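Here the structure comes first, spelled out in structure tokens, and everything after it is commentary.
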Amino acid sequence: MKRLLPWIVPFGLLLAWQAASQTGLLADQIMPAPTAVAEAAWRVTRSGELVRDIWVSASRAFGGFAVGGGIGFALGMLNGLSGLSEKLTDSTLQMVRNIPHLALIPLVILWFGIGEEAKLFLVALGVFFPIYVNTLHGVRSVDRQLLEMGRAYGMSESAIFWRVVFPGALPSIFVGLRYGLGIMWLTLIVAETISASSGIGFMAMNAREFMMVDVVVVSILIYAALGKLADSVARLLERTCLSWNPVYAEL
Amino acid sequence: MNVSIQHQQRAAETRISSNGASVSLRGVTKSFGAQKVLHGIDLDIQAGQFVAIVGRSGCGKSTLLRLLAGLDQPTTGQLMIDGLSGGWRDHVRLMFQEPRLLPWQRVAANVDVGLSHAPSGPDRRRLAQEALDQVGLSGREQDWPAILSGGQRQRVALARALVSHPRILAFDEPLGALDALTRIEMQALIEQVWEDKGFTAIVVTHDVSEAVALADRILLLDAGRVEMDIAVDLPRPRRRGDPAAAAIEGRILDRLLGR
């Protein structure tokens, strides 16, 4: 019974939505019934449109994530370990961080047109900062006492990195990772909605032009599902990598 | 009977010559900026001796220990171990007040940290296992440090210090954070491994009764100078509340408190 409890409200809402649609209280042009949305989902899945668009969107998202996250991680590590590098680059990066990356869309369209590069660039830029900031914070907050112990016990520089600094920074890096994944989907949705010729955002905008509200709702749900999926994978990784920490082991 | 005594004597001699290392300091000073913490210390510690350094906080005792462990360099003067002025860092191990275990490594891997200078191989696992046996923690190799008690963590730290068979083991208030009963257990454990291994032990402590219970020799440090150098010639294992020990403790406390 206790396990069912959290599901009562969502199911109730779903039923109320269905009932409102069937009695005509909720117009089809505003919000189609759940059954109509399910039918639309089945339709676009069967035509192969959905799988193709998910693939396009996901490869944009993770491509941008790999580029932005990789650079953010590398710079965060470098600036955390080297005072010179931090002095040289950190204040510049903090200044650039204050520019909302979505504000660059007009400029990015001028630079790259509406091709793949524009979306990749925006996602990479959006993902870069949370990963960078959290990696830097993680490296900086590694326990000084453990570093001193490592040196006193004759650990080499690379052993100190792999056995002390990196695992010590990992909880913070995961915070950045999960935050970055959120920004990744958000940026992609905006970029695909504004300008695209394929992808889930394109599917939604295309459907809007033909007043196919059910398909629009399907694409919104797909975005939500993809976001949830990415977050669950990150949490699973977190739990496996941080199982030494009682806080994560019990989640 | 006679043979066995001779055997023991020989064992004791080889123990001192092969395992412990002697320490000598000549005019060692240490300053941090304008602050002079150690004022020209001259000191000889015999190989295999158990030395306790006591003093008020800020007297320079931890600084002295950090010099011995190679974590800091003396500002002036010379520090020699077994007559050598360098290249001995791997023979000295330091135990801290906190266990300082890596929380993301299991117990066995934490002990393995003590073998960082050694080439990797199956030997390392066997050595780590042996060290854990010595401190009474066999069977806990695969535990995370987070689930151990404070005393168990400090025992893992002791195993990590012992695993490389150091010739000098330096302790910086190793029992300061433990409860009274665990302290007594740990003192007995430290005394026992010292007798087994024959390393030179140097313990910094602010607990004078602990110093008297463990050490062959007690140095009282005050304002960066050795103010007292007392030999504690009591049989081991020492019983708590022994009048001779109490007398020594009283002398040191009087000096510390300026009475």
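Scheme for the structure tokens: letters A, B, ... for chains in order shown; per-chain residue numbers from 1; ligand numbers from 1 in order shown.
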
Could you give me, as a tab-separated table, a per-residue list for chain A showing, wherever an atom lies at most 7 Å from an atom of chain B, the closest pair of atoms and their distance in Å to one decimal, using only C-alpha atoms and sorting by chain then residue number from low to high?
residue	atom	partner	partner_atom	distance
A:Gln145	CA	B:Arg100	CA	6.8
A:Leu146	CA	B:Arg100	CA	5.9
A:Met149	CA	B:Arg100	CA	7.0
A:Ala152	CA	B:Leu71	CA	6.3
A:Tyr153	CA	B:Gly114	CA	5.8
A:Gly154	CA	B:His117	CA	5.8
A:Met155	CA	B:Ser116	CA	5.2
A:Pro167	CA	B:Trp104	CA	6.9
A:Trp244	CA	B:Trp104	CA	5.2

Could you tell me, as a PyMOL selection string, which residues of range 112-209 of chain B DSSP assigns to alpha helix (DSSP H) when given the backbone? chain B and resi 112+122-134+150-162+180-197+208-209

For Glu238 in chain A, find every residue with an atom within 7 Å (counting only C-alpha atoms), except residues of its own chain fewer than 4 positions away, and show them as a PyMOL selection string. chain A and resi 174+234+242

Restricting the output to C-alpha atoms, write the selected residues as a tab-separated table (two decimals), in the first residue's frame.
chain	number	residue	atom	x	y	z
A	174	PHE	CA	29.24	14.60	-10.02
A	234	ALA	CA	24.31	9.92	-13.69
A	242	LEU	CA	30.92	6.91	-4.42

In Å, rounded to a single decimal, give me how far CA of Leu43 in chain B is from CA of Ala213 in chain B. 22.0 Å

For Ala196 in chain A, which of A:Val37, A:Leu93, A:Val56, A:Val216 is the closest residue, counting only C-alpha atoms?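 Looking only at the distances to Ala196 in chain A, the closest residue turns out to be A:Val56.
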
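Closest to Ile71 in chain A among A:Val218, A:Leu226, A:Leu14, A:Leu125 is A:Leu125, based on only C-alpha atoms.
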
How far is it from CA of Gly64 in chain A to CA of Gly126 in chain A, in Å with one decimal? 9.0 Å
